[in-house]
>>> print(open('run.tsv').read())   # TSV, C-alpha atoms
chain	number	residue	atom	x	y	z
X	10	MET	CA	-66.13	-22.70	-35.94
X	11	ILE	CA	-63.36	-23.71	-33.52
X	12	ASN	CA	-62.12	-26.38	-35.92
X	13	HIS	CA	-62.17	-23.86	-38.79
X	14	PHE	CA	-59.95	-21.40	-36.92
X	15	ARG	CA	-57.68	-24.19	-35.70
X	16	SER	CA	-57.25	-25.41	-39.28
X	17	LYS	CA	-56.53	-21.87	-40.48
X	18	LYS	CA	-53.97	-21.36	-37.70
X	19	ILE	CA	-52.18	-24.61	-38.58
X	20	LYS	CA	-52.13	-23.59	-42.24
X	21	MET	CA	-50.57	-20.19	-41.38
X	22	LYS	CA	-47.91	-21.89	-39.25
X	23	LYS	CA	-47.02	-24.16	-42.17
X	24	ILE	CA	-46.76	-21.17	-44.53
X	25	THR	CA	-44.53	-19.32	-42.04
X	26	LEU	CA	-42.29	-22.37	-41.67
X	27	LEU	CA	-42.05	-22.74	-45.46
X	28	ILE	CA	-41.04	-19.09	-45.87
X	29	ALA	CA	-38.39	-19.50	-43.17
X	30	LEU	CA	-36.97	-22.62	-44.84
X	31	LEU	CA	-36.88	-20.91	-48.24
X	32	CYS	CA	-34.96	-18.00	-46.69
X	33	VAL	CA	-32.39	-20.40	-45.29
X	34	ILE	CA	-31.99	-22.24	-48.61
X	35	TYR	CA	-31.72	-19.01	-50.62
X	36	PHE	CA	-29.17	-17.40	-48.37
X	37	SER	CA	-27.08	-20.53	-48.01
X	38	ASN	CA	-26.54	-20.29	-51.78
X	39	ALA	CA	-26.34	-16.50	-52.10
X	40	GLN	CA	-23.94	-15.60	-49.32
X	41	GLU	CA	-20.78	-17.33	-50.56
X	42	LYS	CA	-19.08	-14.23	-51.93
X	43	ARG	CA	-20.41	-11.88	-49.29
X	44	ILE	CA	-19.54	-13.60	-46.03
X	45	TRP	CA	-15.98	-13.56	-44.72
X	46	SER	CA	-13.98	-16.75	-44.97
X	47	ALA	CA	-13.08	-18.42	-41.68
X	48	GLN	CA	-9.46	-17.45	-42.33
X	49	GLN	CA	-10.37	-13.79	-42.77
X	50	ALA	CA	-12.48	-13.83	-39.61
X	51	ASN	CA	-9.74	-15.49	-37.56
X	52	GLU	CA	-7.09	-13.07	-38.83
X	53	TRP	CA	-9.35	-10.17	-37.89
X	54	TYR	CA	-9.87	-11.60	-34.40
X	55	ALA	CA	-6.17	-12.28	-33.89
X	56	SER	CA	-5.53	-8.56	-34.37
X	57	LYS	CA	-7.82	-7.67	-31.45
X	58	PRO	CA	-7.19	-7.80	-27.71
X	59	TRP	CA	-9.36	-10.08	-25.59
X	60	LEU	CA	-12.73	-8.34	-25.88
X	61	VAL	CA	-14.42	-7.62	-22.55
X	62	GLY	CA	-17.22	-5.16	-21.94
X	63	SER	CA	-20.90	-4.45	-21.36
X	64	ASN	CA	-24.14	-3.85	-23.17
X	65	PHE	CA	-24.45	-0.11	-22.73
X	66	LEU	CA	-27.36	2.22	-22.11
X	67	PRO	CA	-26.65	5.47	-20.25
X	68	SER	CA	-28.07	5.39	-16.73
X	69	ASN	CA	-30.29	8.39	-17.51
X	70	ALA	CA	-31.97	6.77	-20.55
X	71	ILE	CA	-34.87	4.34	-20.34
X	72	ASN	CA	-34.48	3.05	-23.89
X	73	GLN	CA	-32.73	3.48	-27.24
X	74	LEU	CA	-34.86	6.46	-28.26
X	75	GLU	CA	-34.08	8.41	-25.12
X	76	MET	CA	-30.41	7.65	-25.65
X	77	TRP	CA	-30.27	8.75	-29.31
X	78	GLN	CA	-32.76	11.60	-29.73
X	79	ASP	CA	-31.16	15.02	-29.95
X	80	GLU	CA	-32.96	16.49	-26.94
X	81	THR	CA	-31.88	13.68	-24.59
X	82	PHE	CA	-28.54	12.56	-26.08
X	83	ASP	CA	-26.03	13.09	-23.26
X	84	PRO	CA	-22.33	12.94	-24.23
X	85	GLU	CA	-21.24	13.93	-20.71
X	86	THR	CA	-22.95	10.95	-19.07
X	87	ILE	CA	-21.75	8.60	-21.81
X	88	SER	CA	-18.15	9.72	-21.35
X	89	ARG	CA	-18.30	9.45	-17.57
X	90	GLU	CA	-19.73	5.94	-17.67
X	91	PHE	CA	-17.36	4.79	-20.42
X	92	GLY	CA	-14.57	6.04	-18.18
X	93	TRP	CA	-15.70	3.82	-15.32
X	94	ALA	CA	-15.73	0.84	-17.68
X	95	ALA	CA	-12.27	1.58	-19.07
X	96	ALA	CA	-10.86	1.98	-15.55
X	97	ILE	CA	-11.63	-1.68	-14.76
X	98	GLY	CA	-10.19	-3.00	-18.02
X	99	MET	CA	-13.23	-3.06	-20.30
X	100	ASN	CA	-12.50	-2.33	-23.96
X	101	THR	CA	-15.81	-3.07	-25.72
X	102	MET	CA	-19.38	-1.77	-25.53
X	103	ARG	CA	-22.42	-3.16	-27.33
X	104	VAL	CA	-24.79	-0.30	-28.12
X	105	TYR	CA	-28.32	-0.55	-29.53
X	106	LEU	CA	-29.52	1.82	-32.24
X	107	HIS	CA	-33.17	2.43	-33.17
X	108	ASP	CA	-34.71	2.86	-36.61
X	109	LEU	CA	-37.19	5.51	-35.39
X	110	ALA	CA	-34.38	7.74	-34.13
X	111	TRP	CA	-32.80	7.52	-37.58
X	112	GLN	CA	-36.11	8.08	-39.39
X	113	GLN	CA	-36.82	11.20	-37.31
X	114	ASP	CA	-33.43	12.80	-38.05
X	115	PRO	CA	-31.01	10.77	-40.24
X	116	ALA	CA	-28.23	13.38	-40.35
X	117	GLY	CA	-28.46	14.19	-36.64
X	118	PHE	CA	-28.60	10.51	-35.74
X	119	LYS	CA	-25.37	9.78	-37.63
X	120	LYS	CA	-23.76	12.84	-36.08
X	121	ARG	CA	-24.59	11.53	-32.62
X	122	MET	CA	-23.26	8.08	-33.53
X	123	ASN	CA	-20.03	9.77	-34.53
X	124	GLN	CA	-19.95	11.66	-31.22
X	125	LEU	CA	-20.35	8.42	-29.29
X	126	LEU	CA	-17.60	6.77	-31.32
X	127	GLY	CA	-15.31	9.72	-30.57
X	128	ILE	CA	-16.01	9.40	-26.85
X	129	ALA	CA	-15.42	5.65	-26.98
X	130	SER	CA	-12.14	6.11	-28.83
X	131	LYS	CA	-10.84	8.48	-26.15
X	132	HIS	CA	-11.46	5.72	-23.61
X	133	LYS	CA	-9.92	3.06	-25.91
X	134	ILE	CA	-13.26	1.30	-26.26
X	135	LEU	CA	-14.54	-0.40	-29.42
X	136	ILE	CA	-18.25	-0.30	-30.25
X	137	LEU	CA	-20.50	-3.14	-31.41
X	138	PHE	CA	-23.65	-1.54	-32.81
X	139	THR	CA	-26.96	-3.47	-32.89
X	140	LEU	CA	-29.53	-2.40	-35.50
X	141	PHE	CA	-32.76	-4.40	-34.92
X	142	ASP	CA	-34.23	-5.97	-31.78
X	143	ASP	CA	-37.30	-8.12	-31.06
X	144	CYS	CA	-37.30	-7.62	-27.27
X	145	TRP	CA	-39.70	-5.99	-24.81
X	146	ASN	CA	-42.31	-3.32	-25.59
X	147	PRO	CA	-43.98	-3.67	-29.01
X	148	SER	CA	-44.74	-0.01	-29.71
X	149	ALA	CA	-42.82	3.25	-29.51
X	150	ALA	CA	-42.86	6.79	-30.82
X	151	PRO	CA	-40.30	9.59	-31.02
X	152	GLY	CA	-40.49	12.31	-28.39
X	153	LYS	CA	-40.62	12.16	-24.62
X	154	GLN	CA	-40.22	8.61	-23.38
X	155	PRO	CA	-42.12	7.11	-20.42
X	156	ASP	CA	-40.81	7.06	-16.89
X	157	PRO	CA	-39.63	3.71	-15.52
X	158	LYS	CA	-42.23	1.47	-13.90
X	159	PRO	CA	-41.06	0.80	-10.32
X	160	GLY	CA	-39.28	-2.50	-9.87
X	161	ILE	CA	-39.86	-3.82	-13.41
X	162	HIS	CA	-36.93	-5.00	-15.52
X	163	ASN	CA	-36.49	-2.97	-18.73
X	164	SER	CA	-39.96	-1.47	-18.39
X	165	GLY	CA	-39.36	1.08	-21.14
X	166	TRP	CA	-37.17	-0.79	-23.64
X	167	VAL	CA	-38.71	-0.89	-27.13
X	168	ARG	CA	-38.49	-3.22	-30.10
X	169	SER	CA	-36.88	-2.08	-33.33
X	170	PRO	CA	-38.81	-2.00	-35.56
X	171	VAL	CA	-42.09	-1.63	-33.68
X	172	ILE	CA	-44.67	-4.37	-34.14
X	173	SER	CA	-46.76	-2.50	-36.73
X	174	VAL	CA	-43.69	-2.26	-38.99
X	175	HIS	CA	-42.28	-5.70	-38.13
X	176	ASP	CA	-45.55	-7.33	-39.20
X	177	ASN	CA	-45.96	-5.41	-42.47
X	178	PRO	CA	-43.24	-5.90	-45.12
X	179	LEU	CA	-44.83	-3.11	-47.16
X	180	LYS	CA	-43.37	-0.72	-44.56
X	181	TRP	CA	-39.82	-2.09	-44.77
X	182	GLN	CA	-38.55	0.30	-47.43
X	183	TYR	CA	-37.39	2.77	-44.80
X	184	LEU	CA	-35.76	-0.05	-42.81
X	185	GLU	CA	-33.67	-0.89	-45.87
X	186	ALA	CA	-32.73	2.79	-46.20
X	187	TYR	CA	-31.82	2.89	-42.50
X	188	VAL	CA	-29.52	-0.13	-42.67
X	189	LYS	CA	-27.82	0.93	-45.88
X	190	ASP	CA	-27.40	4.57	-44.81
X	191	VAL	CA	-25.91	3.78	-41.40
X	192	LEU	CA	-23.59	1.04	-42.65
X	193	SER	CA	-22.46	3.07	-45.68
X	194	ASN	CA	-21.62	6.04	-43.49
X	195	PHE	CA	-19.50	4.02	-41.04
X	196	LYS	CA	-18.40	1.04	-43.18
X	197	ASP	CA	-14.69	1.75	-42.80
X	198	ASP	CA	-14.71	3.27	-39.31
X	199	LYS	CA	-12.03	1.51	-37.26
X	200	ARG	CA	-13.72	2.61	-34.02
X	201	ILE	CA	-16.50	0.10	-34.75
X	202	LEU	CA	-15.78	-3.48	-33.75
X	203	MET	CA	-18.74	-5.19	-35.47
X	204	TRP	CA	-22.34	-4.84	-36.61
X	205	ASP	CA	-24.96	-6.99	-34.87
X	206	LEU	CA	-27.75	-6.84	-37.40
X	207	TYR	CA	-30.61	-8.29	-35.35
X	208	ASN	CA	-30.87	-8.98	-31.62
X	209	GLU	CA	-32.79	-12.12	-30.60
X	210	PRO	CA	-34.96	-12.50	-33.70
X	211	GLY	CA	-38.14	-14.37	-32.85
X	212	ASN	CA	-38.34	-13.15	-29.25
X	213	SER	CA	-41.52	-11.63	-27.75
X	214	GLY	CA	-43.61	-14.37	-29.33
X	215	TYR	CA	-42.70	-13.45	-32.91
X	216	GLY	CA	-41.22	-16.87	-33.65
X	217	LEU	CA	-40.45	-17.58	-37.29
X	218	THR	CA	-42.31	-14.48	-38.46
X	219	SER	CA	-39.00	-12.64	-37.88
X	220	MET	CA	-37.14	-14.88	-40.31
X	221	GLU	CA	-37.85	-12.79	-43.39
X	222	LEU	CA	-36.74	-9.51	-41.79
X	223	LEU	CA	-33.61	-11.22	-40.44
X	224	SER	CA	-32.71	-12.44	-43.92
X	225	ARG	CA	-33.44	-9.01	-45.41
X	226	ALA	CA	-31.16	-7.38	-42.82
X	227	PHE	CA	-28.26	-9.53	-43.99
X	228	GLU	CA	-29.08	-8.85	-47.63
X	229	TRP	CA	-29.12	-5.07	-47.04
X	230	ALA	CA	-25.88	-5.24	-45.08
X	231	TRP	CA	-24.21	-7.33	-47.78
X	232	PHE	CA	-25.17	-4.66	-50.33
X	233	VAL	CA	-22.87	-2.30	-48.40
X	234	ARG	CA	-20.43	-5.01	-47.23
X	235	PRO	CA	-18.72	-2.94	-44.52
X	236	SER	CA	-15.10	-3.64	-43.60
X	237	GLN	CA	-16.23	-4.67	-40.11
X	238	PRO	CA	-17.71	-8.14	-39.50
X	239	LEU	CA	-21.45	-8.79	-39.54
X	240	THR	CA	-23.26	-11.04	-37.07
X	241	SER	CA	-26.47	-12.01	-35.33
X	242	ALA	CA	-26.37	-14.09	-32.17
X	243	THR	CA	-27.81	-17.48	-31.35
X	244	TRP	CA	-29.88	-17.07	-28.21
X	245	PHE	CA	-32.30	-20.00	-27.85
X	246	ASP	CA	-32.72	-23.53	-29.12
X	247	ASN	CA	-34.28	-23.01	-32.54
X	248	LYS	CA	-32.55	-24.87	-35.36
X	249	ILE	CA	-33.89	-22.70	-38.19
X	250	PHE	CA	-32.74	-19.43	-36.64
X	251	ASN	CA	-29.47	-20.86	-35.35
X	252	ASP	CA	-28.51	-22.53	-38.62
X	253	PHE	CA	-29.23	-19.29	-40.46
X	254	VAL	CA	-27.24	-16.90	-38.26
X	255	ILE	CA	-24.31	-19.31	-37.94
X	256	ALA	CA	-24.18	-19.81	-41.73
X	257	ASN	CA	-24.34	-16.08	-42.46
X	258	SER	CA	-22.32	-14.43	-39.70
X	259	ASP	CA	-18.67	-13.48	-40.23
X	260	VAL	CA	-18.02	-13.93	-36.51
X	261	ILE	CA	-20.12	-16.23	-34.30
X	262	THR	CA	-21.92	-14.48	-31.46
X	263	PHE	CA	-24.18	-16.02	-28.85
X	264	HIS	CA	-26.09	-15.27	-25.64
X	265	ASN	CA	-25.72	-17.39	-22.52
X	266	TYR	CA	-27.21	-16.50	-19.13
X	267	ASN	CA	-26.67	-19.95	-17.65
X	268	GLU	CA	-24.33	-21.51	-15.10
X	269	PRO	CA	-20.62	-21.87	-16.00
X	270	GLU	CA	-20.88	-25.57	-16.87
X	271	ASN	CA	-23.48	-24.82	-19.52
X	272	LEU	CA	-21.43	-21.89	-20.82
X	273	GLU	CA	-18.26	-23.95	-21.20
X	274	LYS	CA	-20.18	-26.71	-22.97
X	275	GLU	CA	-21.60	-24.21	-25.47
X	276	ILE	CA	-18.19	-22.64	-26.10
X	277	ILE	CA	-16.56	-26.02	-26.77
X	278	GLU	CA	-19.36	-26.95	-29.17
X	279	LYS	CA	-19.23	-23.63	-31.05
X	280	MET	CA	-15.43	-23.73	-31.35
X	281	LYS	CA	-15.97	-26.58	-33.83
X	282	LEU	CA	-17.32	-23.98	-36.27
X	283	GLY	CA	-13.78	-22.66	-36.74
X	284	ARG	CA	-14.66	-18.98	-36.39
X	285	PRO	CA	-14.07	-16.43	-33.61
X	286	LEU	CA	-16.57	-16.51	-30.75
X	287	ILE	CA	-18.02	-13.55	-28.84
X	288	CYS	CA	-20.69	-13.87	-26.16
X	289	SER	CA	-22.65	-10.66	-26.65
X	290	GLU	CA	-24.90	-11.20	-23.61
X	291	TYR	CA	-24.25	-12.95	-20.28
X	292	MET	CA	-24.22	-12.25	-16.51
X	293	ALA	CA	-27.40	-12.83	-14.51
X	294	ARG	CA	-26.37	-13.20	-10.89
X	295	THR	CA	-29.39	-15.14	-9.64
X	296	ARG	CA	-28.79	-17.75	-12.39
X	297	ASN	CA	-25.13	-18.26	-11.34
X	298	SER	CA	-23.94	-16.44	-14.43
X	299	THR	CA	-21.47	-14.08	-12.77
X	300	PHE	CA	-18.11	-12.47	-13.41
X	301	GLN	CA	-16.48	-14.79	-10.89
X	302	THR	CA	-17.92	-17.97	-12.41
X	303	CYS	CA	-17.94	-17.13	-16.13
X	304	LEU	CA	-15.21	-14.62	-16.94
X	305	PRO	CA	-12.37	-17.12	-16.27
X	306	ILE	CA	-14.00	-19.49	-18.78
X	307	PHE	CA	-14.16	-16.78	-21.44
X	308	LYS	CA	-10.51	-15.97	-20.73
X	309	LYS	CA	-9.50	-19.65	-20.95
X	310	TYR	CA	-10.84	-19.94	-24.51
X	311	LYS	CA	-10.26	-16.30	-25.54
X	312	VAL	CA	-13.95	-15.80	-26.18
X	313	GLY	CA	-15.19	-12.22	-26.13
X	314	ALA	CA	-17.38	-11.47	-23.11
X	315	ILE	CA	-20.01	-8.70	-23.10
X	316	ASN	CA	-22.23	-8.73	-20.01
X	317	TRP	CA	-25.66	-7.14	-19.76
X	318	GLY	CA	-25.64	-3.73	-18.15
X	319	LEU	CA	-22.99	-1.27	-17.01
X	320	VAL	CA	-24.54	1.37	-14.74
X	321	ALA	CA	-27.80	0.93	-12.82
X	322	GLY	CA	-30.38	3.47	-13.89
X	323	LYS	CA	-33.68	3.97	-15.69
X	324	SER	CA	-33.49	0.60	-17.43
X	325	ASN	CA	-34.24	-1.12	-14.09
X	326	THR	CA	-32.09	-4.08	-15.06
X	327	ILE	CA	-31.00	-4.65	-11.48
X	328	TYR	CA	-34.43	-6.35	-11.25
X	329	GLN	CA	-34.87	-9.90	-12.52
X	330	TRP	CA	-36.91	-10.91	-15.57
X	331	GLY	CA	-40.48	-11.65	-14.58
X	332	LYS	CA	-39.96	-10.92	-10.88
X	333	PRO	CA	-41.02	-7.32	-10.29
X	334	ILE	CA	-40.69	-5.55	-6.95
X	335	PRO	CA	-43.75	-3.26	-7.05
X	336	ASP	CA	-42.51	-0.78	-4.46
X	337	GLY	CA	-39.28	-0.27	-6.41
X	338	SER	CA	-37.05	-1.20	-3.50
X	339	GLU	CA	-33.58	-2.53	-4.25
X	340	PRO	CA	-33.50	-6.31	-4.83
X	341	PRO	CA	-31.39	-8.37	-2.41
X	342	ILE	CA	-29.24	-9.47	-5.36
X	343	TRP	CA	-28.84	-7.30	-8.44
X	344	PHE	CA	-29.71	-9.21	-11.62
X	345	HIS	CA	-27.52	-7.13	-13.99
X	346	ASP	CA	-25.26	-4.02	-13.97
X	347	VAL	CA	-21.79	-3.37	-12.59
X	348	PHE	CA	-21.85	0.15	-11.13
X	349	LYS	CA	-24.16	2.24	-9.03
X	350	LYS	CA	-25.16	5.57	-10.52
X	351	ASN	CA	-22.42	7.38	-8.58
X	352	GLY	CA	-19.73	5.12	-10.05
X	353	GLU	CA	-19.29	2.93	-7.00
X	354	PRO	CA	-19.08	-0.78	-7.91
X	355	TYR	CA	-22.03	-2.94	-6.88
X	356	LYS	CA	-19.50	-5.52	-5.65
X	357	LYS	CA	-15.81	-4.71	-5.27
X	358	GLU	CA	-14.84	-8.36	-5.75
X	359	GLU	CA	-16.45	-8.28	-9.21
X	360	VAL	CA	-14.48	-5.33	-10.50
X	361	ASP	CA	-11.35	-6.83	-8.93
X	362	ILE	CA	-11.74	-10.02	-10.97
X	363	ILE	CA	-12.45	-8.02	-14.14
X	364	LYS	CA	-9.31	-5.92	-13.55
X	365	LYS	CA	-7.23	-8.99	-12.80
X	366	LEU	CA	-8.29	-11.00	-15.84
X	367	THR	CA	-8.15	-8.11	-18.32
X	368	SER	CA	-4.68	-7.04	-17.14
X	369	ALA	CA	-3.24	-10.58	-17.24
X	370	LYS	CA	-1.34	-11.53	-20.39
>>> encode(input="run.tsv", output="structure tokens")
Amino acid sequence: MINHFRSKKIKMKKITLLIALLCVIYFSNAQEKRIWSAQQANEWYASKPWLVGSNFLPSNAINQLEMWQDETFDPETISREFGWAAAIGMNTMRVYLHDLAWQQDPAGFKKRMNQLLGIASKHKILILFTLFDDCWNPSAAPGKQPDPKPGIHNSGWVRSPVISVHDNPLKWQYLEAYVKDVLSNFKDDKRILMWDLYNEPGNSGYGLTSMELLSRAFEWAWFVRPSQPLTSATWFDNKIFNDFVIANSDVITFHNYNEPENLEKEIIEKMKLGRPLICSEYMARTRNSTFQTCLPIFKKYKVGAINWGLVAGKSNTIYQWGKPIPDGSEPPIWFHDVFKKNGEPYKKEEVDIIKKLTSAK
């Protein structure tokens, strides 16, 4: 019996790998007229300032649903926290959407997206929206969201789509409608920097089972072909995923939470691709990925730099991955985030270096 199940498991892995490889081959042939040329991407990037900012979730939201649902959407908090970011020289925010918030109320969801873009514009901030995400909790539902679990990093963050949809392509029709509706509505909006179609595909143990949805996300986005660039970031050492997103992204994005030597090595290697580079996640203090160590490297190569976390709050991202503090007391070193909830910087020397480097010509 054990050998039977082992044989079946190996067979399923081979089928999954074959599907992933076929996706790569198909899209490498199909994307030629739909992806930007390197020249177009570089001209677009040359028109932008050096992009510096944060991944943004309001401090009073535990996840994407609490941020975007009508009853908990909070323009006042968003504006206040965007203002703190702008005051230290940040000009970019990466903001996660969620398919369930759209499904619940498509018109209201797009209205709230427009509100956020209006707030961002007043603070001279560009928005990078992210549509899908494989990270953290597998299930979610509209309505009241859970309270944070004391001392646990991102205890309430939810995947998009949830696992029951991710694992069943028969349920993807509404995901296609979501992508096409959102992109069509905002395809020429100059307040939007880029579209990140899928965050960390394959995370949470999904592996190559996310390959088909990733390829579909690009196909749906290409159907609209917005005027803003499309991307999905490299985030771990997987050749199939990395080859796919690099081949199909207008602008190359990547995640790096490592020490500055590793970061610089990755930048130098990715510069060979001949396209603009934006790091859409970095900054984990206990891993020596800090503003002081990494931001000068981003500046040196004019690589966009978007750290994880702006204001400490219900996300609990001041706590480190996999190292909970059960009593919820403050960790000796914050893992992520720049500001306390009252707007005071966690470390003055950090905001000083951000101000200095973003103001320097």
>>> closest_residue(input="run.tsv", among="X:Val61, X:Leu239, X:Ala129, X:Ile134", to="Ser88 of chain X", atoms="only C-alpha atoms")
X:Ala129
>>> residues_around(input="run.tsv", residues="Phe195 of chain X", least_positions_apart="6", cutoff="10 Å", atoms="all atoms listed in the file", output="PyMOL selection string")
chain X and resi 119+122-123+201+235-237
>>> write_last_selection(input="run.tsv", atoms="C-alpha atoms", output="mmCIF file, in the frame of the given file")
data_model
loop_
_atom_site.group_PDB
_atom_site.id
_atom_site.type_symbol
_atom_site.label_atom_id
_atom_site.label_comp_id
_atom_site.auth_asym_id
_atom_site.auth_seq_id
_atom_site.Cartn_x
_atom_site.Cartn_y
_atom_site.Cartn_z
ATOM 1 C CA LYS X 119 -25.370 9.780 -37.630
ATOM 2 C CA MET X 122 -23.260 8.080 -33.530
ATOM 3 C CA ASN X 123 -20.030 9.770 -34.530
ATOM 4 C CA ILE X 201 -16.500 0.100 -34.750
ATOM 5 C CA PRO X 235 -18.720 -2.940 -44.520
ATOM 6 C CA SER X 236 -15.100 -3.640 -43.600
ATOM 7 C CA GLN X 237 -16.230 -4.670 -40.110
#
>>> closest_residue(input="run.tsv", among="X:Pro151, X:Pro159, X:Pro84, X:Gly318", to="Leu126 of chain X", atoms="only C-alpha atoms")
X:Pro84
>>> closest_residue(input="run.tsv", among="X:Asn251, X:Gln113, X:Ser164, X:Ser298", to="Leu217 of chain X", atoms="only C-alpha atoms")
X:Asn251
>>> residues_near_point(input="run.tsv", point="(-22.1, -12.5, -14.3)", cutoff="10 Å", atoms="all atoms listed in the file", output="ChimeraX atom specification")
/X:266-269,290-304,315-317,344-347,359
>>> atom_distance(input="run.tsv", atom1="atom CA of Pro58 of chain X", atom2="atom CA of Ala242 of chain X")
20.7 Å
>>> atom_distance(input="run.tsv", atom1="atom CA of Gln49 of chain X", atom2="atom CA of Asn271 of chain X")
28.9 Å
>>> residues_around(input="run.tsv", residues="Ile71 of chain X", least_positions_apart="2", cutoff="6 Å", atoms="only C-alpha atoms", output="PyMOL selection string")
chain X and resi 165+323-324
>>> atom_distance(input="run.tsv", atom1="atom CA of Tyr310 of chain X", atom2="atom CA of Trp59 of chain X")
10.0 Å
>>> closest_residue(input="run.tsv", among="X:Trp244, X:Arg225, X:Phe138, X:Lys57", to="Lys196 of chain X", atoms="only C-alpha atoms")
X:Phe138
>>> axis_aligned_box(input="run.tsv", around="segment 156-164 of chain X", padding_each_side="5 Å", output="AutoDock Vina command-line options")
--center_x -39.4 --center_y 1.0 --center_z -14.3 --size_x 15.7 --size_y 22.1 --size_z 18.9
>>> closest_residue(input="run.tsv", among="X:Phe263, X:Trp93, X:Trp145, X:Trp166", to="Asn72 of chain X", atoms="all atoms listed in the file")
X:Trp166
>>> closest_residue(input="run.tsv", among="X:Thr81, X:Asn146, X:Ile44, X:Ser289", to="Phe227 of chain X", atoms="all atoms listed in the file")
X:Ile44
>>> residues_near_point(input="run.tsv", point="(-30.7, 3.5, -33.9)", cutoff="9 Å", atoms="only C-alpha atoms", output="VMD selection string")
chain X and resid 73 to 74 77 105 to 112 118 122 138 to 141 169 187 191
>>> residues_around(input="run.tsv", residues="Val320 of chain X", least_positions_apart="4", cutoff="10 Å", atoms="all atoms listed in the file", output="count of residues only")
25
>>> residues_around(input="run.tsv", residues="Gln154 of chain X", least_positions_apart="2", cutoff="7 Å", atoms="only C-alpha atoms", output="list of chain:residue names")
X:Glu75, X:Gly152, X:Asp156
>>> residues_around(input="run.tsv", residues="Ile255 of chain X", least_positions_apart="3", cutoff="10 Å", atoms="only C-alpha atoms", output="short mmCIF file (atom, residue, chain, number, x, y, z; two decimals) with C-alpha atoms, keeping the file's coordinate frame")
data_model
loop_
_atom_site.label_atom_id
_atom_site.label_comp_id
_atom_site.auth_asym_id
_atom_site.auth_seq_id
_atom_site.Cartn_x
_atom_site.Cartn_y
_atom_site.Cartn_z
CA THR X 240 -23.26 -11.04 -37.07
CA SER X 241 -26.47 -12.01 -35.33
CA ALA X 242 -26.37 -14.09 -32.17
CA THR X 243 -27.81 -17.48 -31.35
CA PHE X 250 -32.74 -19.43 -36.64
CA ASN X 251 -29.47 -20.86 -35.35
CA ASP X 252 -28.51 -22.53 -38.62
CA SER X 258 -22.32 -14.43 -39.70
CA ASP X 259 -18.67 -13.48 -40.23
CA VAL X 260 -18.02 -13.93 -36.51
CA ILE X 261 -20.12 -16.23 -34.30
CA THR X 262 -21.92 -14.48 -31.46
CA PHE X 263 -24.18 -16.02 -28.85
CA LYS X 279 -19.23 -23.63 -31.05
CA LEU X 282 -17.32 -23.98 -36.27
CA ARG X 284 -14.66 -18.98 -36.39
#
